[in-house]
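Source file: final.pdb. Holds: PDB, C-alpha atoms, pLDDT in the B column.
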```pdb
ATOM      1  CA  ASN A   1       0.000   0.000   0.000  1.00 68.00           C
ATOM      2  CA  PRO A   2       1.699   3.283  -1.080  1.00 73.00           C
ATOM      3  CA  ARG A   3       0.043   5.403   1.599  1.00 74.00           C
ATOM      4  CA  ASN A   4       1.271   3.175   4.436  1.00 75.00           C
ATOM      5  CA  ARG A   5       4.742   3.094   2.903  1.00 71.00           C
ATOM      6  CA  HIS A   6       4.787   6.903   2.751  1.00 73.00           C
ATOM      7  CA  LYS A   7       3.737   7.136   6.424  1.00 72.00           C
ATOM      8  CA  LYS A   8       6.368   4.591   7.419  1.00 70.00           C
ATOM      9  CA  THR A   9       9.178   6.421   5.614  1.00 69.00           C
ATOM     10  CA  LYS A  10       7.992   9.713   7.052  1.00 69.00           C
ATOM     11  CA  LEU A  11       8.088   8.312  10.592  1.00 68.00           C
ATOM     12  CA  SER A  12      11.430   6.534  10.198  1.00 68.00           C
ATOM     13  CA  GLY A  13      13.424   9.676   9.376  1.00 67.00           C
ATOM     14  CA  VAL A  14      16.439  10.878  11.303  1.00 67.00           C
ATOM     15  CA  ILE A  15      15.935  13.616  13.846  1.00 69.00           C
ATOM     16  CA  GLU A  16      18.757  16.136  13.794  1.00 73.00           C
ATOM     17  CA  VAL A  17      19.331  18.459  16.721  1.00 72.00           C
ATOM     18  CA  PRO A  18      21.043  21.725  15.697  1.00 76.00           C
ATOM     19  CA  THR A  19      22.892  22.122  19.012  1.00 77.00           C
ATOM     20  CA  LYS A  20      25.232  19.741  20.775  1.00 74.00           C
ATOM     21  CA  VAL A  21      23.476  17.724  23.442  1.00 74.00           C
ATOM     22  CA  ASP A  22      25.105  16.060  26.447  1.00 72.00           C
ATOM     23  CA  VAL A  23      23.627  12.546  26.475  1.00 73.00           C
ATOM     24  CA  SER A  24      25.376  11.436  29.665  1.00 69.00           C
ATOM     25  CA  PRO A  25      22.249  11.850  31.881  1.00 73.00           C
ATOM     26  CA  ILE A  26      20.237   9.385  29.781  1.00 76.00           C
ATOM     27  CA  THR A  27      22.878   6.669  29.262  1.00 76.00           C
ATOM     28  CA  GLY A  28      22.305   4.936  32.587  1.00 78.00           C
ATOM     29  CA  VAL A  29      25.970   5.145  33.610  1.00 76.00           C
ATOM     30  CA  PRO A  30      26.363   6.456  37.174  1.00 76.00           C
ATOM     31  CA  GLU A  31      27.484  10.079  37.237  1.00 77.00           C
ATOM     32  CA  GLU A  32      30.593   9.374  39.337  1.00 74.00           C
ATOM     33  CA  HIS A  33      31.938   7.168  36.519  1.00 73.00           C
ATOM     34  CA  VAL A  34      31.604   9.905  33.883  1.00 73.00           C
ATOM     35  CA  LYS A  35      31.952  13.391  35.371  1.00 74.00           C
ATOM     36  CA  GLY A  36      35.498  14.639  35.776  1.00 76.00           C
ATOM     37  CA  ARG A  37      36.830  11.611  33.925  1.00 81.00           C
ATOM     38  CA  ARG A  38      39.890  12.050  31.710  1.00 90.00           C
ATOM     39  CA  VAL A  39      40.202  10.095  28.497  1.00 92.00           C
ATOM     40  CA  ARG A  40      43.377   9.563  26.474  1.00 94.00           C
ATOM     41  CA  ILE A  41      42.993   9.542  22.679  1.00 95.00           C
ATOM     42  CA  TYR A  42      45.884   7.844  20.885  1.00 93.00           C
ATOM     43  CA  ILE A  43      46.972   5.557  18.050  1.00 90.00           C
ATOM     44  CA  PRO A  44      47.993   2.231  19.608  1.00 88.00           C
ATOM     45  CA  PRO A  45      51.371   0.830  18.553  1.00 83.00           C
ATOM     46  CA  LYS A  46      51.550  -2.105  16.181  1.00 81.00           C
ATOM     47  CA  ASN A  47      51.817  -5.492  17.842  1.00 79.00           C
ATOM     48  CA  ALA A  48      55.408  -6.710  17.584  1.00 81.00           C
ATOM     49  CA  MET A  49      54.329 -10.357  17.482  1.00 83.00           C
ATOM     50  CA  GLN A  50      52.255  -9.998  14.313  1.00 77.00           C
ATOM     51  CA  SER A  51      53.292  -8.804  10.882  1.00 77.00           C
ATOM     52  CA  GLY A  52      49.868  -7.767   9.572  1.00 76.00           C
ATOM     53  CA  THR A  53      49.046  -4.173   8.732  1.00 75.00           C
ATOM     54  CA  ASN A  54      45.273  -4.264   9.197  1.00 76.00           C
ATOM     55  CA  ASN A  55      43.774  -1.865  11.789  1.00 73.00           C
ATOM     56  CA  ILE A  56      47.064  -0.116  12.555  1.00 78.00           C
ATOM     57  CA  ASN A  57      45.757   3.404  11.905  1.00 81.00           C
ATOM     58  CA  ASN A  58      42.749   3.229  14.213  1.00 88.00           C
ATOM     59  CA  TRP A  59      42.418   5.626  17.119  1.00 92.00           C
ATOM     60  CA  GLU A  60      41.567   4.390  20.615  1.00 94.00           C
ATOM     61  CA  ILE A  61      40.261   6.038  23.741  1.00 94.00           C
ATOM     62  CA  GLU A  62      41.369   4.773  27.116  1.00 93.00           C
ATOM     63  CA  PHE A  63      39.879   5.852  30.434  1.00 91.00           C
ATOM     64  CA  ASP A  64      42.131   6.897  33.300  1.00 88.00           C
ATOM     65  CA  ASN A  65      42.624   4.499  36.193  1.00 83.00           C
ATOM     66  CA  ARG A  66      40.641   5.068  39.323  1.00 81.00           C
ATOM     67  CA  GLU A  67      41.320   3.545  42.700  1.00 83.00           C
ATOM     68  CA  ARG A  68      42.746   0.022  42.782  1.00 85.00           C
ATOM     69  CA  TRP A  69      43.515  -2.195  45.717  1.00 89.00           C
ATOM     70  CA  GLU A  70      45.163  -5.506  46.323  1.00 90.00           C
ATOM     71  CA  ASN A  71      42.831  -8.360  47.101  1.00 87.00           C
ATOM     72  CA  PRO A  72      43.935  -9.754  50.492  1.00 87.00           C
ATOM     73  CA  LEU A  73      42.942 -13.352  49.729  1.00 87.00           C
ATOM     74  CA  MET A  74      44.744 -13.939  46.424  1.00 89.00           C
ATOM     75  CA  GLY A  75      46.890 -10.830  46.072  1.00 88.00           C
ATOM     76  CA  TRP A  76      45.219  -9.857  42.812  1.00 89.00           C
ATOM     77  CA  SER A  77      44.702  -6.255  41.808  1.00 86.00           C
ATOM     78  CA  SER A  78      41.037  -5.241  42.150  1.00 86.00           C
ATOM     79  CA  THR A  79      39.005  -2.230  41.133  1.00 85.00           C
ATOM     80  CA  GLY A  80      35.442  -1.032  41.462  1.00 82.00           C
ATOM     81  CA  ASP A  81      35.623   0.926  38.219  1.00 81.00           C
ATOM     82  CA  PRO A  82      34.004  -0.803  35.215  1.00 81.00           C
ATOM     83  CA  LEU A  83      35.496   1.634  32.673  1.00 83.00           C
ATOM     84  CA  SER A  84      39.174   1.346  33.631  1.00 83.00           C
ATOM     85  CA  ASN A  85      39.816  -1.728  31.462  1.00 85.00           C
ATOM     86  CA  MET A  86      37.735  -0.612  28.489  1.00 88.00           C
ATOM     87  CA  LYS A  87      39.189   0.666  25.213  1.00 91.00           C
ATOM     88  CA  ILE A  88      37.056   1.897  22.323  1.00 93.00           C
ATOM     89  CA  GLN A  89      38.345   2.026  18.727  1.00 93.00           C
ATOM     90  CA  PHE A  90      37.532   4.729  16.169  1.00 93.00           C
ATOM     91  CA  ASN A  91      38.493   5.231  12.530  1.00 89.00           C
ATOM     92  CA  THR A  92      39.481   8.879  12.934  1.00 89.00           C
ATOM     93  CA  LYS A  93      40.599  11.242  15.656  1.00 91.00           C
ATOM     94  CA  GLU A  94      37.562  13.446  15.043  1.00 91.00           C
ATOM     95  CA  GLU A  95      35.186  10.538  15.748  1.00 91.00           C
ATOM     96  CA  ALA A  96      36.915   9.885  19.063  1.00 93.00           C
ATOM     97  CA  ILE A  97      36.751  13.562  20.054  1.00 93.00           C
ATOM     98  CA  GLU A  98      33.078  13.744  19.083  1.00 90.00           C
ATOM     99  CA  HIS A  99      32.326  10.654  21.202  1.00 89.00           C
ATOM    100  CA  CYS A 100      34.080  12.156  24.227  1.00 89.00           C
ATOM    101  CA  GLU A 101      32.248  15.459  23.900  1.00 87.00           C
ATOM    102  CA  LYS A 102      28.929  13.695  23.402  1.00 85.00           C
ATOM    103  CA  TYR A 103      29.302  11.899  26.740  1.00 83.00           C
ATOM    104  CA  GLY A 104      30.797  14.859  28.608  1.00 82.00           C
ATOM    105  CA  LEU A 105      34.298  13.400  29.030  1.00 87.00           C
ATOM    106  CA  ARG A 106      37.479  15.476  29.321  1.00 90.00           C
ATOM    107  CA  TRP A 107      39.937  14.297  26.682  1.00 93.00           C
ATOM    108  CA  PHE A 108      43.525  14.838  25.567  1.00 93.00           C
ATOM    109  CA  ILE A 109      45.451  13.598  22.547  1.00 93.00           C
ATOM    110  CA  ASP A 110      48.575  11.594  23.269  1.00 90.00           C
ATOM    111  CA  GLY A 111      51.248  10.939  20.672  1.00 80.00           C
ATOM    112  CA  ASP A 112      51.849  11.814  17.065  1.00 72.00           C
ATOM    113  CA  GLU A 113      49.031  11.871  14.546  1.00 67.00           C
ATOM    114  CA  ARG A 114      50.922  10.352  11.668  1.00 64.00           C
ATOM    115  CA  GLN A 115      53.085   7.293  11.691  1.00 62.00           C
ATOM    116  CA  LYS A 116      56.277   7.185   9.672  1.00 67.00           C
ATOM    117  CA  PRO A 117      55.855   5.647   6.230  1.00 68.00           C
ATOM    118  CA  LYS A 118      57.472   2.258   5.931  1.00 71.00           C
ATOM    119  CA  ARG A 119      60.600   1.975   3.843  1.00 74.00           C
ATOM    120  CA  VAL A 120      60.256  -1.073   1.645  1.00 72.00           C
ATOM    121  CA  LYS A 121      63.344  -3.257   1.430  1.00 73.00           C
ATOM    122  CA  ASN A 122      63.905  -6.180  -0.879  1.00 75.00           C
ATOM    123  CA  TYR A 123      65.979  -9.234  -0.122  1.00 77.00           C
ATOM    124  CA  GLY A 124      67.684  -8.838  -3.500  1.00 73.00           C
ATOM    125  CA  ASN A 125      69.198  -5.510  -2.398  1.00 71.00           C
ATOM    126  CA  ASN A 126      71.582  -7.415  -0.108  1.00 71.00           C
ATOM    127  CA  PHE A 127      73.321  -8.808  -3.206  1.00 72.00           C
ATOM    128  CA  SER A 128      73.113  -5.716  -5.421  1.00 72.00           C
ATOM    129  CA  TRP A 129      76.197  -4.204  -7.095  1.00 72.00           C
ATOM    130  CA  ASN A 130      75.039  -0.767  -6.017  1.00 69.00           C
ATOM    131  CA  ARG A 131      77.166   0.282  -3.012  1.00 64.00           C
ATOM    132  CA  ARG A 132      74.337   2.215  -1.382  1.00 68.00           C
ATOM    133  CA  THR A 133      72.027  -0.770  -1.058  1.00 63.00           C
ATOM    134  CA  ARG A 134      74.557  -3.588  -0.671  1.00 62.00           C
ATOM    135  CA  VAL A 135      75.149  -4.928   2.837  1.00 62.00           C
ATOM    136  CA  SER A 136      78.751  -5.680   3.672  1.00 66.00           C
ATOM    137  CA  THR A 137      79.637  -9.157   4.932  1.00 64.00           C
ATOM    138  CA  LYS A 138      82.806  -8.007   6.716  1.00 63.00           C
TER     139      LYS A 138
END
```

Is it possible to give me this structure as structure tokens?
Amino acid sequence: NPRNRHKKTKLSGVIEVPTKVDVSPITGVPEEHVKGRRVRIYIPPKNAMQSGTNNINNWEIEFDNRERWENPLMGWSSTGDPLSNMKIQFNTKEEAIEHCEKYGLRWFIDGDERQKPKRVKNYGNNFSWNRRTRVSTK
């Protein structure tokens, strides 16, 4: 039915709010876990144990550590903070900043934005007659 389809598409539109809205009161997270919380935005280093290059340019946010204590029974480190071990990945720095501002978090950027481009080496250059690329065996 075209009329029902038109009503459905009209009702399923996106509502855009022209001003920035702090959504932290409606998330359900207790206020003491969010307010005054610092968040570090950074590019994590590449894992040295793996040679893949997928997901190496993602940005992460990491929450600061709150109080920790040593468990007297086992000696393990304990915390009452559910956000201290959580990391969230983003494709760009701007997405991470927007997320922090949306939830009312204080943020800072740690580290360099760009990583150095890799210099490609070939195994054949070790045996080249060119002095600049040849590796000495002495």

_Two-atom distance - atom CA of Lys46 of chain A, atom CA of Asn58 of chain A (Å)_ = 10.5 Å

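Interatomic distance, atom CA of His99 of chain A to atom CA of Ile61 of chain A: 9.5 Å.
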
_segment 28-45 of chain A surroundings by only C-alpha atoms, 6 Å radius, close-in-sequence under 2 positions cut, as a PyMOL selection string_ = chain A and resi 26+59-64+105-110

_As a check of understanding, name the residues that the PyMOL selection byres ((chain A and resi 20) around 12) selects in the supplied structure, as a ChimeraX atom specification._
/A:16-19,21-23,98-99,101-104

*Go ahead and compute the interatomic distance for atom CA of Phe90 of chain A and atom CA of Ile56 of chain A, in Å to one decimal.*
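Interatomic distance here is 11.3 Å.
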
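Once the PyMOL selection byres ((chain A and resi 68) around 6) is applied to this file, the selection holds Glu67, Trp69, Ser78 and Thr79 of chain A.
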